[in-house]
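Colleague: Below: one structure in C-alpha cells.
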Amino acid sequence: MTNGTTSAAIQKLHFYQKGTFTVGNRLVSEADRSVQASIDRSNALTCGHRACQGCGEALGARYALDAALRAAGGNLIAVNATGCLEVFTTPYPETSWQIPWIHSLFGNAAAVATGVAAAMRVKGRPEIRVVAQGGDGGTTDIGFGCLSGMFERNDDVLYICYDNEAYMNTGVQRSSATPPAARTATTPAVGPQPGNVFGTGKSVPKIAVAHGIPFVATATVADLHDLERKVVKAMGIHGARYLHIHVPCPLGWGSASQDTIRLAQLAVECGMFPVFEAEHGVVTGRRKIRRRVPVEDYLKPQRRFAHLFTTEEGRKCISQLQAMADRNIAEYRLFDWEGDVE
Amino acid sequence: MKRPFAISLDVGTSLANLTGSWRTSRPVYVDRLPPCNNACPAGENIQSWLYHAESGDYETAWRTLSIDNPMPAVMGRVCYHPCENVCSRSQLDEAVGINSVERFLGDVAIRNGWRFAPPQADTGKRVLVVGAGPSGLSAAYHLRRKGHAVEIREAGPFTGGMMRFGIPKYRLPRDVLEAEINRIIDLGVVMKLNTKIDHVVDSMQAGRFDAAFLAVGAHIGKRAYIPAGSAAKVLDAVALLRSMEGEDKPLLGRRVVVYGGGNTAIDAARTARRLGATEAIIIYRRTRDRMPAHDFEVEEALQEGIMMKWLSTIKRMDEGVLTVEKMQLDEKGFPQPTGEFEMLETDSLVLALGQDVDMSLLDGVPGLKIKDGVVQVDSNMMTGYAGIFAGGDMVPSERTVTVAVGHGKKAARHIDAWLRGAIYTPSEKHELASIEKLNTWYYADAPKTVRPMLEVARRQSTFEEVQGGLDETNALYEARRCLSCGNCFECDNCYGVCPDNAVIKLGPGQRFRFNYDYCKGCGVCAQECPCGAIAMVSEEI
C-alpha cells in the first residue's frame with residue numbers, strides 16, 4: 001500500500017474540537033479545558049446583574065475574575081473603579097459579586113488596590129491577591145494618574161481595564177479610548193470631520209509597556225483561551241501587571257446584542273485591536289490574525305460608524321481607519337498566516 | 001436590627017433580580033437535520049455515529065450506525081456516499097471522509113465479532129423475503145429485529161445478490177460480504193438458497209406467510225442489436241461478472257471491448273484487465289462528462305490502463321474485428337451518427353447496457369402494476385397486491401446498494417405496521433442544518449485523510465482490494481473533522497459565552513439547560529453556537 005499523505009496529516013492534528021476555539025471540549029481532560037467550561041466555575045459575577053443584553057463587559061469580567069480566582073486558589077479581593085461594571089453589579093443593596101469587592105471613587109481604583117495589597121502584606125496574608133478593575137473611562141482618563149503611580153512603584157496588583165471605548169452608563173460620552181470617527185454623545189456625526197477626531201486618544205497598553213512593568217497584555221472576549229492564559233500568567237507574577245480587555249458594548253456601539261463576540265473577533269481580525277503581550281517593557285507575543293477582513297466588516301454592524309457609509313467624507317474616514325489597522329498589523333506583525341496554531 | 005449609620009437595607013444578592021423578565025425572544029436548544037443524514041439513501045444517522053466514533057467509542061458508534069444499516073463494512077466500500085457530496089465541511093476545506101470511517105467501524109466490528117442484539121419478543125408473524133441481495137437482507141434484518149419470523153428465498157446458489165454478482169472482488173472482498181451477511185442470518189433469519197419462486201402468492205399460502213417483500217433485483221443484461229458474424233464472441237457484462245464467482249473463469253482474449261458508459265461497464269473492463277486482457281477498451285456513444293459512471297471509478301480505470309473511446313457506437317462485430325462509427329453531439333446533447341467508420345481488432349465484446357428485471361415470479365398476481373420494466377409501489381413500498389411489498393432494483397429507483405438497503409428498511413417499517421394493522425407514519429423531519437446556521441469560526445482547518453490505494457501493477461493483474469482502509473489514528477482524526485451540524489456536541493460555548501450566566505451545564509452527555517429566570521434573550525449563545533443547535537424564538541408578549 002502506498003500511503004504518503006496520511007502520516008503528514010497525523011502530524012498536523014487539528015481536531016475540530018481539540019485545540020480549537022470553542023469554550024470547552026468533551027474529548028480533552030478537565031485540566032486542559034477552560035475555566036469557563038467547568039461545571040463548578042466560581043461565577044465571581046453571577047446572575048441578576050443589570051448589564052444590558054449582550055454586555056461584553058459583564059462577560060469579560062466573569063472570564064477574567066473566574067480565571068484569577070482559580071489561579072489565586074480562591075483568595076482574591078477585587079477593587080472596582082466607578083463605571084458600568086460597578087453600577088450594574090451593585091445597585092444598593094444588591095450585589096452580583098461572589099468575592100470580596102470594594103468600590104471607592106471613579107479615579108482611585110489603582111491606589112485603593114495598592115492599599116489593599118499593602119494591608120494584606122502588613123497583616124501577614126501574602127496569599128491574598130488583589131485585582132483592580134475599571135472601564136476605559138476610569139482607567140485611561142480619570143484614574144490614569146493613580147494607575148501610572150501603581151505601575152511605577154511596581155505594586156503587587158493586577159489591573160484589568162474593560163475597554164468598551166466610551167463612558168457608557170452615563171450616556172455614551174467620548175473617552176481617550178474612543179476610536180476616531182466613532183459617534184458618541186460628545187462627538188456627534190456632523191461637520192467636515194464627523195465623529196471622534198483623528199489624532200486624539202491614547203494607547204494605555206503601550207503606556208503600560210513603557211513603564212517596564214513585569215507583564216502587560218491585551219485580550220478580547222472573543223478568544224477565551226488566550227484571555228484565561230494571560231490571566232493565569234499575570235497571577236503567577238508579583239508586581240504591577242496590566243490586562244486590557246476589549247469588550248463590545250451593544251448600547252454604546254449601536255450593535256445587535258447577539259453580535260458582541262463577533263464584533264470583538266472582527267476587531268482583532270481586521271487589525272483595529274492588536275492582541276499582544278509584553279514583559280518588562282518588551283513585546284513578547286502577539287495573537288496572529290486568523291482570517292483577515294477589511295475594517296468595513298468590523299465597522300458596518302455598528303451604528304456609531306453608520307455615518308461613514310453614507311458620505312464621501314465618511315469613505316475617507318474608513319480608509320484612514322484601514323490605514324490605522326494596517327499600521328497595527330505591521331507594528332505587531334499580526335499577519336503571516338501559516339495555519340491554525342494550537 | 002441595628003444597622004451602621006445611613007444604612008437602611010440589608011445586603012442581598014442580585015439573584016433576587018430576575019432579569020429574565022427583560023426578554024423578548026428566548027433561546028431554545030434544537031436538533032436540526034444534518035445534510036449528510038438528509039442525503040443518506042439508507043437513512044443513517046451519520047452525525048450521531050460520528051459523535052460516538054470521535055470519542056473512540058467504536059462499539060456504540062457501530063451500534064448506532066447499524067440501527068439503520070446492518071452492513072457498514074460493505075457500505076464503506078461500495079457506497080457512492082451522497083453524504084459526502086453535501087457535507088458542510090466541504091465548504092471549509094474538504095468533506096468529512098464519512099465513507100472511510102464507516103468502513104473502519106464495519107471492519108472493527110467484524111474483527112471483534114460484535115453481534116446484533118436479538119429481538120426482544122417474537123410476534124408470531126411470518127414474512128417471506130424473495131432475493132438475498134442488499135434490499136432483501138436489509139428488510140430481513142429490520143423485520144427480524146422487530147420480532148417477525150423471516151425466511152429469505154434466493155434463486156441463486158449464493159447470498160449477496162448484486163453485491164456478489166455485480167461488484168467485483170477488488171472493490172468488495174467476499175469475506176467481508178459474507179461476514180456481514182452471516183451476522184444478519186445469525187439473528188435467526190431462515191436462508192434458503194437455490195430456491196426459485198415461480199408464483200409468489202402460492203408460495204406465501206403454502207408457507208403460511210403473512211406478508212412478502214420482493215427484492216429479486218435486475219439481473220438480465222440488456223441486449224442491443226449488433227449484427228455479428230457466427231464466430232464473434234459477444235457476452236453481456238452481468239453474465240461476465242456473475243461467471244467470476246464460479247470455478248471456471250471466462251476466457252475473453254487479449255483485446256476486450258466493453259460497450260456502455262455506466263459503472264457496470266467500468267467494472268467489466270477492469271475485470272477483463274485483471275483476467276489478462278492487454279487491452280481493455282470502453283466504447284461509449286457520448287462524452288466523459290455525460291457518462292453515468294462515477295468519476296472516481298473512471299479515474300481508477302484510467303489509472304489501470306483501461307482505454308476509453310468516446311463518441312462511438314458499434315455497428316457490427318465479426319470474428320476479431322469490430323466496426324465502430326464515430327458520433328457527434330447535436331445541440332441537444334444527443335449523439336448523432338457521422339457516417340465515419342473505423343475498424344477495431346478485438347477478441348470479445350462485452351455489452352454493458354443496463355439490466356432488466358425478471359418478472360416471472362409475478363405472473364398472475366392480481367393488481368400488480370408494471371411500468372417501464374419495473375414494479376410500481378406506493379409510498380409505503382407496497383405493490384398493488386395487499387401484503388406484497390417490493391424494493392431494490394426491481395422498483396423505480398437509482399440502482400445502488402445503498403438505495404436498496406434503504407428500501408429494505410423502509411419496507412420493513414411499513415410491513416411491520418401493516419402486520420399490526422397499523423399505518424407507519426415517519427416522524428417529521430427536523431429543519432435542515434444548512435451551513436449558514438453554523439458558526440464555522442470555531443472549527444480549525446483539517447484536511448481530509450486520503451485512503452491508501454493498491455499499486456497499479458497489482459491492480460492490473462490481481463483481484464486484491466484496490467482501496468485500503470483507515471487505521472485507528474486516522475479514522476479517529478477523520479471522525480473528529482465532523483462539524484456536528486445542527487446537533488449539540490457539548491463544546492460548552494453557550495455555557496461560556498452567556499454574559500448572564502444563564503446557561504446550566506448538566507454534565508457529560510446531558511447537554512445544557514437555559515435558566516430563563518435570568519436569560520435576557522441577547523442571543524449571543526445562538527450566534528456563537530458552532531453547530532447551529534440553538535434557535536431564537538419570539539416570546540409571546
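Chain lettering (A, B, ...) mirrors the order of the C-alpha cells, residue numbering begins at 1 for each chain separately, and ligand numbering begins at 1 in order of display.
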Using DSSP on the backbone, list every residue of segment 41-216 of chain A that comes out as strand (DSSP E or B), and give them as a VMD selection string.
Modeller: chain A and resid 45 76 to 80 94 to 95 97 101 to 103 129 to 135 158 to 163 167 173 215 to 216
Colleague: Name the residues in contact with Glu313 of chain A at a cut-off of 9 Å, using only C-alpha atoms, excluding same-chain residues fewer than 4 positions from it; report them as a list in words.
Modeller: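 The residues that qualify are Pro192, Gln193, Pro194, Leu308, Cys317 and Ile318 of chain A.
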Colleague: Residues of segment 7-201 of chain A classed as helix (DSSP H, G or I) by DSSP on the backbone are to be reported as a PyMOL selection string.
Modeller: chain A and resi 7-11+30-32+35-37+56-71+84-89+109-122+136-141+144-152
Colleague: Of the candidates B:Ala533, B:Ala206, B:Ala446, B:Cys519, which shows the shortest atom-to-atom distance to chain A, using only C-alpha atoms?
Modeller: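 Checking each of B:Ala533, B:Ala206, B:Ala446, B:Cys519 against chain A, counting only C-alpha atoms, the winner is B:Ala446.
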Colleague: Which residue gives the smallest distance to Gly406 of chain B among B:Cys531, B:Met381, B:Val503, B:Val176, with only C-alpha atoms counted?
Modeller: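 Closest to Gly406 of chain B of all the choices is B:Met381.
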Colleague: Near Pro214 of chain A, counting only C-alpha atoms, which residues have an atom at most 12 Å away, once you skip same-chain residues fewer than 3 positions from it, shown as a PyMOL selection string?
Modeller: chain A and resi 151-158+208-211+217+233-243+277-284
Colleague: Restricted to N, CA and C atoms, what would the selected residues look like written as an mmCIF file, in the first residue's frame?
Modeller:
data_model
loop_
_atom_site.group_PDB
_atom_site.id
_atom_site.type_symbol
_atom_site.label_atom_id
_atom_site.label_comp_id
_atom_site.auth_asym_id
_atom_site.auth_seq_id
_atom_site.Cartn_x
_atom_site.Cartn_y
_atom_site.Cartn_z
ATOM 1 N N PHE A 151 1.914 51.540 38.614
ATOM 2 C CA PHE A 151 2.883 50.901 37.707
ATOM 3 C C PHE A 151 4.317 51.224 38.130
ATOM 4 N N GLU A 152 4.584 52.512 38.327
ATOM 5 C CA GLU A 152 5.989 52.889 38.528
ATOM 6 C C GLU A 152 6.495 52.410 39.888
ATOM 7 N N ARG A 153 5.594 52.254 40.881
ATOM 8 C CA ARG A 153 6.002 51.690 42.181
ATOM 9 C C ARG A 153 6.056 50.171 42.152
ATOM 10 N N ASN A 154 5.574 49.595 41.011
ATOM 11 C CA ASN A 154 5.527 48.130 40.843
ATOM 12 C C ASN A 154 4.752 47.473 41.983
ATOM 13 N N ASP A 155 3.593 48.058 42.338
ATOM 14 C CA ASP A 155 2.763 47.489 43.394
ATOM 15 C C ASP A 155 2.180 46.150 42.948
ATOM 16 N N ASP A 156 1.927 45.280 43.917
ATOM 17 C CA ASP A 156 1.511 43.906 43.597
ATOM 18 C C ASP A 156 0.012 43.844 43.299
ATOM 19 N N VAL A 157 -0.364 44.392 42.147
ATOM 20 C CA VAL A 157 -1.766 44.450 41.756
ATOM 21 C C VAL A 157 -1.889 44.080 40.280
ATOM 22 N N LEU A 158 -2.899 43.283 39.966
ATOM 23 C CA LEU A 158 -3.257 43.085 38.559
ATOM 24 C C LEU A 158 -4.375 44.069 38.243
ATOM 25 N N ALA A 208 1.565 51.379 29.391
ATOM 26 C CA ALA A 208 1.901 50.415 30.443
ATOM 27 C C ALA A 208 3.203 49.707 30.106
ATOM 28 N N VAL A 209 3.367 49.341 28.840
ATOM 29 C CA VAL A 209 4.612 48.688 28.418
ATOM 30 C C VAL A 209 5.786 49.617 28.689
ATOM 31 N N ALA A 210 5.578 50.919 28.429
ATOM 32 C CA ALA A 210 6.654 51.884 28.614
ATOM 33 C C ALA A 210 7.068 52.019 30.078
ATOM 34 N N HIS A 211 6.177 51.624 30.999
ATOM 35 C CA HIS A 211 6.548 51.638 32.407
ATOM 36 C C HIS A 211 7.509 50.505 32.771
ATOM 37 N N ALA A 217 -0.713 42.875 28.875
ATOM 38 C CA ALA A 217 -1.308 42.103 27.783
ATOM 39 C C ALA A 217 -2.633 42.726 27.372
ATOM 40 N N LYS A 233 -1.135 33.710 33.675
ATOM 41 C CA LYS A 233 0.263 34.149 33.630
ATOM 42 C C LYS A 233 0.463 35.355 34.550
ATOM 43 N N ALA A 234 -0.472 36.299 34.473
ATOM 44 C CA ALA A 234 -0.367 37.504 35.297
ATOM 45 C C ALA A 234 -0.415 37.150 36.781
ATOM 46 N N MET A 235 -1.263 36.197 37.136
ATOM 47 C CA MET A 235 -1.405 35.838 38.548
ATOM 48 C C MET A 235 -0.192 35.078 39.067
ATOM 49 N N GLY A 236 0.597 34.578 38.149
ATOM 50 C CA GLY A 236 1.817 33.879 38.554
ATOM 51 C C GLY A 236 2.975 34.830 38.829
ATOM 52 N N ILE A 237 2.725 36.114 38.633
ATOM 53 C CA ILE A 237 3.789 37.120 38.786
ATOM 54 C C ILE A 237 3.402 38.046 39.939
ATOM 55 N N HIS A 238 4.382 38.482 40.724
ATOM 56 C CA HIS A 238 4.135 39.528 41.719
ATOM 57 C C HIS A 238 4.672 40.846 41.180
ATOM 58 N N GLY A 239 3.985 41.924 41.500
ATOM 59 C CA GLY A 239 4.363 43.222 40.961
ATOM 60 C C GLY A 239 3.201 43.777 40.146
ATOM 61 N N ALA A 240 3.411 44.883 39.490
ATOM 62 C CA ALA A 240 2.338 45.521 38.738
ATOM 63 C C ALA A 240 2.123 44.820 37.408
ATOM 64 N N ARG A 241 0.868 44.507 37.146
ATOM 65 C CA ARG A 241 0.522 43.838 35.886
ATOM 66 C C ARG A 241 -0.712 44.520 35.298
ATOM 67 N N TYR A 242 -0.790 44.552 33.994
ATOM 68 C CA TYR A 242 -1.895 45.264 33.354
ATOM 69 C C TYR A 242 -2.498 44.411 32.249
ATOM 70 N N LEU A 243 -3.814 44.235 32.313
ATOM 71 C CA LEU A 243 -4.531 43.470 31.280
ATOM 72 C C LEU A 243 -5.633 44.359 30.718
ATOM 73 N N GLU A 277 1.245 40.730 24.037
ATOM 74 C CA GLU A 277 1.675 40.746 25.433
ATOM 75 C C GLU A 277 3.116 41.204 25.497
ATOM 76 N N ALA A 278 3.472 41.751 26.637
ATOM 77 C CA ALA A 278 4.827 42.296 26.803
ATOM 78 C C ALA A 278 5.305 42.020 28.218
ATOM 79 N N GLU A 279 6.595 41.820 28.346
ATOM 80 C CA GLU A 279 7.189 41.612 29.670
ATOM 81 C C GLU A 279 8.331 42.597 29.850
ATOM 82 N N HIS A 280 8.326 43.296 30.967
ATOM 83 C CA HIS A 280 9.395 44.244 31.306
ATOM 84 C C HIS A 280 9.715 45.174 30.149
ATOM 85 N N GLY A 281 8.672 45.690 29.524
ATOM 86 C CA GLY A 281 8.871 46.704 28.501
ATOM 87 C C GLY A 281 9.120 46.185 27.095
ATOM 88 N N VAL A 282 9.126 44.851 26.920
ATOM 89 C CA VAL A 282 9.407 44.294 25.598
ATOM 90 C C VAL A 282 8.219 43.445 25.142
ATOM 91 N N VAL A 283 7.742 43.682 23.915
ATOM 92 C CA VAL A 283 6.645 42.882 23.373
ATOM 93 C C VAL A 283 7.153 41.466 23.116
ATOM 94 N N THR A 284 6.486 40.478 23.733
ATOM 95 C CA THR A 284 6.980 39.106 23.633
ATOM 96 C C THR A 284 6.045 38.173 22.872
#
